[in-house]
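Scroll down for the structure; my scribbles are underneath it.
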Amino acid sequence: MALLDGKMACVLGVANRWSIATAIARALHQHGASLILTYEGERTQGEVEKLARELGDAPTTACEVSKDESIGSLREFIAGRGLAVDALVHSLAFARKEELSGKYFATSRSGFSLALDISAYSLAALCRELQPVFAPQASVMAMTYLGSVRAVTNYNVMGVAKAALESSIRYLANDMGELNGVRVNAISAGPIKTASARAVGDFTRILAQVAEKAPLRRNAVAEDVGNAAVFLASGLSSAITGQILYVDAGYNIMGIV
Ligand SMILES: NC(=O)c1ccc[n+]([C@@H]2O[C@H](COP(=O)([O-])OP(=O)(O)OC[C@H]3O[C@@H](n4cnc5c(N)ncnc54)[C@H](O)[C@@H]3O)[C@@H](O)[C@H]2O)c1
C-alpha cells in the first residue's frame, strides 16, 4: 500500500513543467494520492490539463487567488464532487518584475500590496474559504524562500511577502489545528530555475553561489521539494505544524564560507 493511498491533494500553482507545483503533484501522485489541479487562468489552463491527464485524469478548475469568488468556486468544485481535501498545496506567488531588482525602498505602494495579497494573504483566504471541505487532520503547505529572513539582493518585496507568509503559517497553524486537527507548514526551497525565479534579477548568480557553498555542494531541485511535500502530506508528519522546513541542500545554516 502506498503512503498516500486514499488521500486527495489539491495543488495550486502549476504553470508549466518547470513549476515546483508540477514536481509536487507528480510526487504526490506517485505515492498514491488522487489530485485536483488548479490553474490561474487561460494562459496556464492547457499545461495544467495536460499534466492532469498524465496524473490519473485529475479534475482541473480555475482558481485566481486574488478573488474570493474564485476561491469560493474552488470550494464548490470540490464539494460538488463529494470530495474532501487531505492536502492543500499553495505553490504560488507574484510580484511585478520591476520590483525584483534594484533598491527595495523603490517598491511602489501598489506593487507592495499586490505582492503581499497574492503571495501571502491568499493562504489565509484559502484556509478560511476551504474550511468546509478540509478532511480532519488535513495538511496545508506553502512554498517560501530564505529571502524572508535574510536580505537577498533583488528578492526585495518578495522577501517581505515571504516573511508575511511564514508568519501566517504560525497563525494559521494555531487557527486550523484547533478546528479539526488541520496542520499548516511551509517548505523553504532553495533556488530552482522556474518562470517565477527568472523574474528575480541576477538569479543565475544566486544558483551558482548556493551550489558552491551549500553543505551538499549542489542546489535543491523540484523533485527534492516534491519528496518533502509527500512527507508533509502524509501521516509521517502527524505532529508537525507551524514549521518552516528547509529543502535547500543545507544552505541556510551557513555563516561565513
Ligand atoms: N523557484 C524558486 O527558486 C523558489 C524558491 C523558493 C520558493 N519558491 C516558491 O515556490 C512557489 C512556486 O513558484 P515556482 O518557482 O514554481 O514558479 P512558477 O512560475 O512555476 O509558479 C508560480 C505560480 O503562481 C501562480 N500564480 C501567480 N499569481 C496567481 C494568482 N493570482 N492566482 C493563482 N495563481 C497564481 C502562477 O500561475 C504559477 O503557476 C512560489 O511560492 C515561489 O515563491 C520558489
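Labels for the C-alpha cells follow display order: chains A, B, ..., residues from 1 in each chain, ligands from 1.
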
Can you pull out every residue within 7 Å of range 194-200 of chain A, counting only C-alpha atoms, but drop anything in the same chain fewer than 4 positions away, and send it as a CSV table (one decimal) with N, CA and C atoms, in the first residue's frame?
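Saved to selection_30.csv:
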```
chain,number,residue,atom,x,y,z
A,18,TRP,N,8.3,23.1,-15.5
A,18,TRP,CA,9.3,23.5,-14.5
A,18,TRP,C,8.8,23.9,-13.2
A,19,SER,N,7.5,24.2,-13.1
A,19,SER,CA,6.9,24.7,-11.8
A,19,SER,C,7.2,23.7,-10.7
A,97,LYS,N,7.9,42.3,-12.1
A,97,LYS,CA,9.3,42.1,-12.4
A,97,LYS,C,10.1,43.3,-12.0
A,100,LEU,N,11.6,43.4,-8.6
A,100,LEU,CA,12.5,42.3,-8.2
A,100,LEU,C,14.0,42.6,-8.7
A,101,SER,N,14.3,43.9,-8.7
A,101,SER,CA,15.7,44.2,-8.8
A,101,SER,C,15.9,45.7,-8.3
A,154,ASN,N,18.0,41.8,-4.7
A,154,ASN,CA,17.0,41.7,-5.7
A,154,ASN,C,15.7,41.0,-5.3
A,155,TYR,N,15.7,40.2,-4.3
A,155,TYR,CA,14.4,39.5,-3.9
A,155,TYR,C,13.4,40.5,-3.4
```

Within 7 Å of ligand 1 (only C-alpha atoms and all ligand atoms), residues as a ChimeraX atom specification: /A:12-16,18-21,39-40,44,63-66,91-94,118-119,142-145,188-197

Please produce a file of those selected residues containing N, CA and C atoms, as a compact mmCIF listing (two decimals), in the first residue's frame.
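The result, stored in selection_24.txt:
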```
# COMPACT_ATOMS: atom_id res chain seq x y z
N LEU A 12 -2.29 23.94 -6.11
CA LEU A 12 -2.38 25.23 -6.79
C LEU A 12 -0.98 25.68 -7.17
N GLY A 13 -0.80 26.12 -8.42
CA GLY A 13 0.49 26.72 -8.78
C GLY A 13 1.22 26.06 -9.93
N VAL A 14 0.54 25.14 -10.65
CA VAL A 14 1.19 24.59 -11.85
C VAL A 14 1.06 25.62 -12.97
N ALA A 15 2.22 26.00 -13.56
CA ALA A 15 2.18 26.87 -14.73
C ALA A 15 2.75 26.12 -15.94
N ASN A 16 3.78 25.34 -15.70
CA ASN A 16 4.44 24.60 -16.77
C ASN A 16 5.25 23.46 -16.16
N TRP A 18 8.26 23.15 -15.45
CA TRP A 18 9.34 23.52 -14.52
C TRP A 18 8.80 23.95 -13.15
N SER A 19 7.49 24.17 -13.06
CA SER A 19 6.91 24.65 -11.79
C SER A 19 7.19 23.68 -10.66
N ILE A 20 7.45 24.23 -9.48
CA ILE A 20 7.63 23.37 -8.30
C ILE A 20 6.34 22.58 -8.07
N ALA A 21 5.19 23.20 -8.33
CA ALA A 21 3.90 22.52 -8.13
C ALA A 21 3.79 21.27 -9.02
N TYR A 39 -5.63 26.03 -12.13
CA TYR A 39 -4.83 26.95 -12.96
C TYR A 39 -5.29 28.37 -12.67
N GLU A 40 -4.31 29.28 -12.84
CA GLU A 40 -4.59 30.69 -12.54
C GLU A 40 -5.58 31.27 -13.55
N THR A 44 -2.50 29.37 -18.46
CA THR A 44 -1.86 28.15 -17.96
C THR A 44 -2.79 26.93 -18.00
N CYS A 63 -8.51 28.77 -10.41
CA CYS A 63 -8.52 29.44 -9.11
C CYS A 63 -7.55 30.62 -9.17
N GLU A 64 -8.11 31.81 -9.18
CA GLU A 64 -7.34 33.06 -9.20
C GLU A 64 -7.40 33.57 -7.76
N VAL A 65 -6.29 33.44 -7.03
CA VAL A 65 -6.36 33.60 -5.57
C VAL A 65 -6.56 35.04 -5.10
N SER A 66 -6.47 36.01 -6.02
CA SER A 66 -6.74 37.38 -5.57
C SER A 66 -8.24 37.66 -5.51
N SER A 91 1.44 26.73 -4.01
CA SER A 91 2.77 26.87 -4.61
C SER A 91 2.71 28.02 -5.60
N LEU A 92 2.42 29.20 -5.10
CA LEU A 92 2.23 30.34 -5.99
C LEU A 92 2.65 31.63 -5.31
N ALA A 93 3.01 32.58 -6.14
CA ALA A 93 3.45 33.89 -5.66
C ALA A 93 3.47 34.82 -6.86
N PHE A 94 3.44 36.12 -6.59
CA PHE A 94 3.58 37.07 -7.70
C PHE A 94 4.09 38.41 -7.21
N ILE A 118 -1.26 38.47 -3.23
CA ILE A 118 -1.24 37.18 -3.94
C ILE A 118 -0.35 36.16 -3.23
N SER A 119 0.79 36.62 -2.70
CA SER A 119 1.78 35.67 -2.20
C SER A 119 1.57 35.27 -0.74
N ALA A 142 2.71 25.57 2.09
CA ALA A 142 3.01 26.67 1.18
C ALA A 142 4.50 26.67 0.92
N MET A 143 4.91 27.37 -0.15
CA MET A 143 6.33 27.42 -0.53
C MET A 143 6.91 28.78 -0.17
N THR A 144 8.06 28.75 0.50
CA THR A 144 8.69 30.01 0.87
C THR A 144 10.17 29.98 0.51
N TYR A 145 10.87 31.06 0.84
CA TYR A 145 12.29 31.17 0.46
C TYR A 145 13.04 31.97 1.52
N SER A 188 10.70 25.76 2.76
CA SER A 188 11.57 26.82 2.26
C SER A 188 12.54 26.19 1.28
N ALA A 189 12.22 26.36 0.01
CA ALA A 189 13.01 25.70 -1.05
C ALA A 189 14.22 26.55 -1.41
N GLY A 190 15.30 25.90 -1.75
CA GLY A 190 16.45 26.61 -2.31
C GLY A 190 16.08 27.12 -3.70
N PRO A 191 16.94 27.94 -4.30
CA PRO A 191 16.62 28.48 -5.63
C PRO A 191 16.52 27.38 -6.70
N ILE A 192 15.46 27.45 -7.49
CA ILE A 192 15.20 26.46 -8.54
C ILE A 192 14.79 27.24 -9.79
N LYS A 193 15.35 26.86 -10.94
CA LYS A 193 15.08 27.62 -12.17
C LYS A 193 13.64 27.41 -12.65
N THR A 194 12.77 28.36 -12.38
CA THR A 194 11.38 28.30 -12.85
C THR A 194 11.06 29.66 -13.47
N ALA A 195 9.87 29.78 -14.05
CA ALA A 195 9.48 31.06 -14.67
C ALA A 195 9.50 32.18 -13.63
N SER A 196 8.97 31.92 -12.44
CA SER A 196 8.94 32.97 -11.40
C SER A 196 10.35 33.34 -10.97
N ALA A 197 11.20 32.34 -10.82
CA ALA A 197 12.56 32.60 -10.35
C ALA A 197 13.32 33.46 -11.35
```

Counting only C-alpha atoms, which residues of range 85-195 of chain A sit at most 10 Å from some atom of range 25-38 of chain A, and what is each one's closest atom pair with its distance in Å to one decimal, listed by chain and rising residue number, as a Markdown table?
```
| residue | atom | partner | partner_atom | distance |
| --- | --- | --- | --- | --- |
| A:Val85 | CA | A:Ile36 | CA | 9.1 |
| A:Asp86 | CA | A:Ala33 | CA | 9.2 |
| A:Ala87 | CA | A:Ala33 | CA | 9.2 |
| A:Leu88 | CA | A:Ile36 | CA | 9.6 |
| A:Val89 | CA | A:Ala25 | CA | 8.9 |
```

Could you write those residues out with C-alpha atoms, as a tab-separated table (two decimals), in the first residue's frame?
```
chain	number	residue	atom	x	y	z
A	85	VAL	CA	-9.07	17.82	0.83
A	86	ASP	CA	-6.41	15.82	2.69
A	87	ALA	CA	-3.58	18.01	1.41
A	88	LEU	CA	-3.63	21.56	0.08
A	89	VAL	CA	-0.53	22.75	-1.77
```

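Near Gly147 in chain A, within 10 Å and counting only C-alpha atoms, sit Thr144, Arg150, Ala151, Val152, Thr153, Asn154, Tyr155, Asn156, Val157, Met158, Gly159, Val160, Ala161, Lys162, Ala163 and Ser188 of chain A; same-chain residues fewer than 3 positions away were not included.
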
File dump, residues just selected, N, CA and C atoms, as a compact mmCIF listing (two decimals), in the first residue's frame:
```txt
# COMPACT_ATOMS: atom_id res chain seq x y z
N THR A 144 8.06 28.75 0.50
CA THR A 144 8.69 30.01 0.87
C THR A 144 10.17 29.98 0.51
N ARG A 150 16.51 36.69 5.52
CA ARG A 150 17.81 37.29 5.21
C ARG A 150 17.57 38.29 4.08
N ALA A 151 18.43 39.28 3.99
CA ALA A 151 18.35 40.19 2.85
C ALA A 151 19.05 39.52 1.66
N VAL A 152 18.28 39.20 0.63
CA VAL A 152 18.83 38.58 -0.58
C VAL A 152 18.72 39.61 -1.70
N THR A 153 19.85 40.00 -2.25
CA THR A 153 19.87 41.03 -3.29
C THR A 153 18.81 40.75 -4.36
N ASN A 154 18.01 41.75 -4.68
CA ASN A 154 16.98 41.73 -5.73
C ASN A 154 15.67 41.02 -5.33
N TYR A 155 15.67 40.22 -4.28
CA TYR A 155 14.44 39.48 -3.92
C TYR A 155 13.40 40.46 -3.35
N ASN A 156 13.88 41.46 -2.66
CA ASN A 156 13.11 42.64 -2.29
C ASN A 156 11.70 42.37 -1.76
N VAL A 157 10.68 42.90 -2.43
CA VAL A 157 9.32 42.82 -1.86
C VAL A 157 8.86 41.37 -1.70
N MET A 158 9.43 40.47 -2.50
CA MET A 158 9.02 39.07 -2.35
C MET A 158 9.55 38.50 -1.03
N GLY A 159 10.69 38.99 -0.57
CA GLY A 159 11.19 38.59 0.74
C GLY A 159 10.25 39.04 1.84
N VAL A 160 9.74 40.24 1.71
CA VAL A 160 8.80 40.77 2.70
C VAL A 160 7.48 39.97 2.64
N ALA A 161 7.06 39.63 1.43
CA ALA A 161 5.84 38.81 1.28
C ALA A 161 6.05 37.42 1.90
N LYS A 162 7.24 36.86 1.73
CA LYS A 162 7.50 35.53 2.30
C LYS A 162 7.57 35.60 3.82
N ALA A 163 8.06 36.73 4.37
CA ALA A 163 8.06 36.88 5.82
C ALA A 163 6.61 36.88 6.33
N SER A 188 10.70 25.76 2.76
CA SER A 188 11.57 26.82 2.26
C SER A 188 12.54 26.19 1.28
```

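If only C-alpha atoms are the atoms counted, then among A:Ala211, A:His90, A:Glu49, A:Ala23 the closest residue to Glu223 in chain A is A:Ala23.
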
Determine which residues of range 1-205 of chain A DSSP labels as strand (DSSP E or B) from the backbone of this structure, then write them out as a compact mmCIF listing (two decimals) with N, CA and C atoms, in the first residue's frame.
```txt
# COMPACT_ATOMS: atom_id res chain seq x y z
N MET A 8 -6.63 12.74 -0.96
CA MET A 8 -6.82 13.65 -2.10
C MET A 8 -6.05 14.95 -1.84
N ALA A 9 -5.25 15.34 -2.81
CA ALA A 9 -4.47 16.58 -2.69
C ALA A 9 -4.92 17.59 -3.74
N CYS A 10 -5.12 18.81 -3.31
CA CYS A 10 -5.47 19.89 -4.23
C CYS A 10 -4.22 20.76 -4.39
N VAL A 11 -3.73 20.87 -5.63
CA VAL A 11 -2.46 21.54 -5.88
C VAL A 11 -2.68 22.82 -6.69
N LEU A 12 -2.29 23.94 -6.11
CA LEU A 12 -2.38 25.23 -6.79
C LEU A 12 -0.98 25.68 -7.17
N SER A 34 -4.78 10.93 -4.98
CA SER A 34 -5.52 11.46 -6.12
C SER A 34 -5.42 12.98 -6.04
N LEU A 35 -5.64 13.64 -7.18
CA LEU A 35 -5.35 15.08 -7.25
C LEU A 35 -6.52 15.89 -7.79
N ILE A 36 -6.56 17.16 -7.39
CA ILE A 36 -7.27 18.21 -8.12
C ILE A 36 -6.20 19.25 -8.44
N LEU A 37 -6.10 19.66 -9.70
CA LEU A 37 -5.11 20.68 -10.07
C LEU A 37 -5.86 21.96 -10.46
N THR A 38 -5.34 23.10 -10.02
CA THR A 38 -5.98 24.36 -10.43
C THR A 38 -5.03 25.16 -11.32
N TYR A 39 -5.63 26.03 -12.13
CA TYR A 39 -4.83 26.95 -12.96
C TYR A 39 -5.29 28.37 -12.67
N THR A 60 -9.62 19.37 -13.08
CA THR A 60 -8.95 20.68 -13.05
C THR A 60 -10.00 21.78 -13.00
N THR A 61 -9.62 22.89 -12.41
CA THR A 61 -10.52 24.05 -12.37
C THR A 61 -9.69 25.31 -12.19
N ALA A 62 -10.31 26.46 -12.49
CA ALA A 62 -9.59 27.73 -12.33
C ALA A 62 -9.60 28.16 -10.86
N VAL A 85 -10.48 17.54 1.09
CA VAL A 85 -9.07 17.82 0.83
C VAL A 85 -8.21 17.28 1.98
N ASP A 86 -7.36 16.32 1.68
CA ASP A 86 -6.41 15.82 2.69
C ASP A 86 -5.12 16.62 2.67
N ALA A 87 -4.79 17.18 1.51
CA ALA A 87 -3.58 18.01 1.41
C ALA A 87 -3.86 19.17 0.47
N LEU A 88 -3.50 20.37 0.92
CA LEU A 88 -3.63 21.56 0.08
C LEU A 88 -2.24 22.12 -0.15
N VAL A 89 -1.86 22.25 -1.42
CA VAL A 89 -0.53 22.75 -1.77
C VAL A 89 -0.66 24.14 -2.38
N HIS A 90 -0.11 25.14 -1.68
CA HIS A 90 -0.10 26.54 -2.13
C HIS A 90 1.31 26.77 -2.67
N PHE A 134 -12.13 20.66 4.08
CA PHE A 134 -10.93 20.00 4.60
C PHE A 134 -11.32 18.72 5.32
N ALA A 135 -10.57 17.65 5.06
CA ALA A 135 -10.74 16.41 5.83
C ALA A 135 -10.10 16.65 7.20
N PRO A 136 -10.55 15.95 8.24
CA PRO A 136 -9.87 16.05 9.52
C PRO A 136 -8.39 15.69 9.35
N GLN A 137 -7.53 16.38 10.12
CA GLN A 137 -6.07 16.16 10.06
C GLN A 137 -5.48 16.42 8.66
N ALA A 138 -6.14 17.28 7.90
CA ALA A 138 -5.58 17.62 6.59
C ALA A 138 -4.25 18.37 6.76
N SER A 139 -3.48 18.39 5.69
CA SER A 139 -2.17 19.05 5.72
C SER A 139 -2.14 20.17 4.68
N VAL A 140 -1.88 21.39 5.14
CA VAL A 140 -1.75 22.54 4.24
C VAL A 140 -0.27 22.87 4.15
N MET A 141 0.21 23.12 2.92
CA MET A 141 1.62 23.54 2.82
C MET A 141 1.78 24.65 1.79
N ALA A 142 2.71 25.57 2.09
CA ALA A 142 3.01 26.67 1.18
C ALA A 142 4.50 26.67 0.92
N MET A 143 4.91 27.37 -0.15
CA MET A 143 6.33 27.42 -0.53
C MET A 143 6.91 28.78 -0.17
N THR A 144 8.06 28.75 0.50
CA THR A 144 8.69 30.01 0.87
C THR A 144 10.17 29.98 0.51
N ARG A 183 -3.12 20.68 9.85
CA ARG A 183 -1.75 21.16 10.04
C ARG A 183 -1.37 22.13 8.92
N VAL A 184 -0.55 23.11 9.27
CA VAL A 184 -0.15 24.13 8.29
C VAL A 184 1.36 24.34 8.39
N ASN A 185 2.08 24.07 7.31
CA ASN A 185 3.53 24.20 7.30
C ASN A 185 4.00 24.86 6.00
N ALA A 186 5.27 25.23 5.97
CA ALA A 186 5.85 25.73 4.72
C ALA A 186 7.14 24.98 4.43
N ILE A 187 7.43 24.86 3.15
CA ILE A 187 8.72 24.35 2.69
C ILE A 187 9.51 25.55 2.19
N SER A 188 10.70 25.76 2.76
CA SER A 188 11.57 26.82 2.26
C SER A 188 12.54 26.19 1.28
N ALA A 189 12.22 26.36 0.01
CA ALA A 189 13.01 25.70 -1.05
C ALA A 189 14.22 26.55 -1.41
```

Straight-line distance linking CA of Met1 in chain A with CA of Ala173 in chain A, stated in Å to one decimal: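 According to the coordinates, CA of Met1 in chain A and CA of Ala173 in chain A are separated by 29.3 Å.
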
Among listed residues A:Ala208, A:Ala95, A:Ala220, A:Leu179, nearest Phe112 in chain A (using only C-alpha atoms): A:Ala95

DSSP alpha helix (DSSP H) residues within range 106-257 of chain A, as an MDAnalysis selection string: chainID A and resid 109:116 122:130 156:180 195:198 203:213 222:233

Proximity to Ser237 in chain A - best of A:Ile78, A:Leu3, A:Pro132, A:Gly255, only C-alpha atoms: A:Leu3
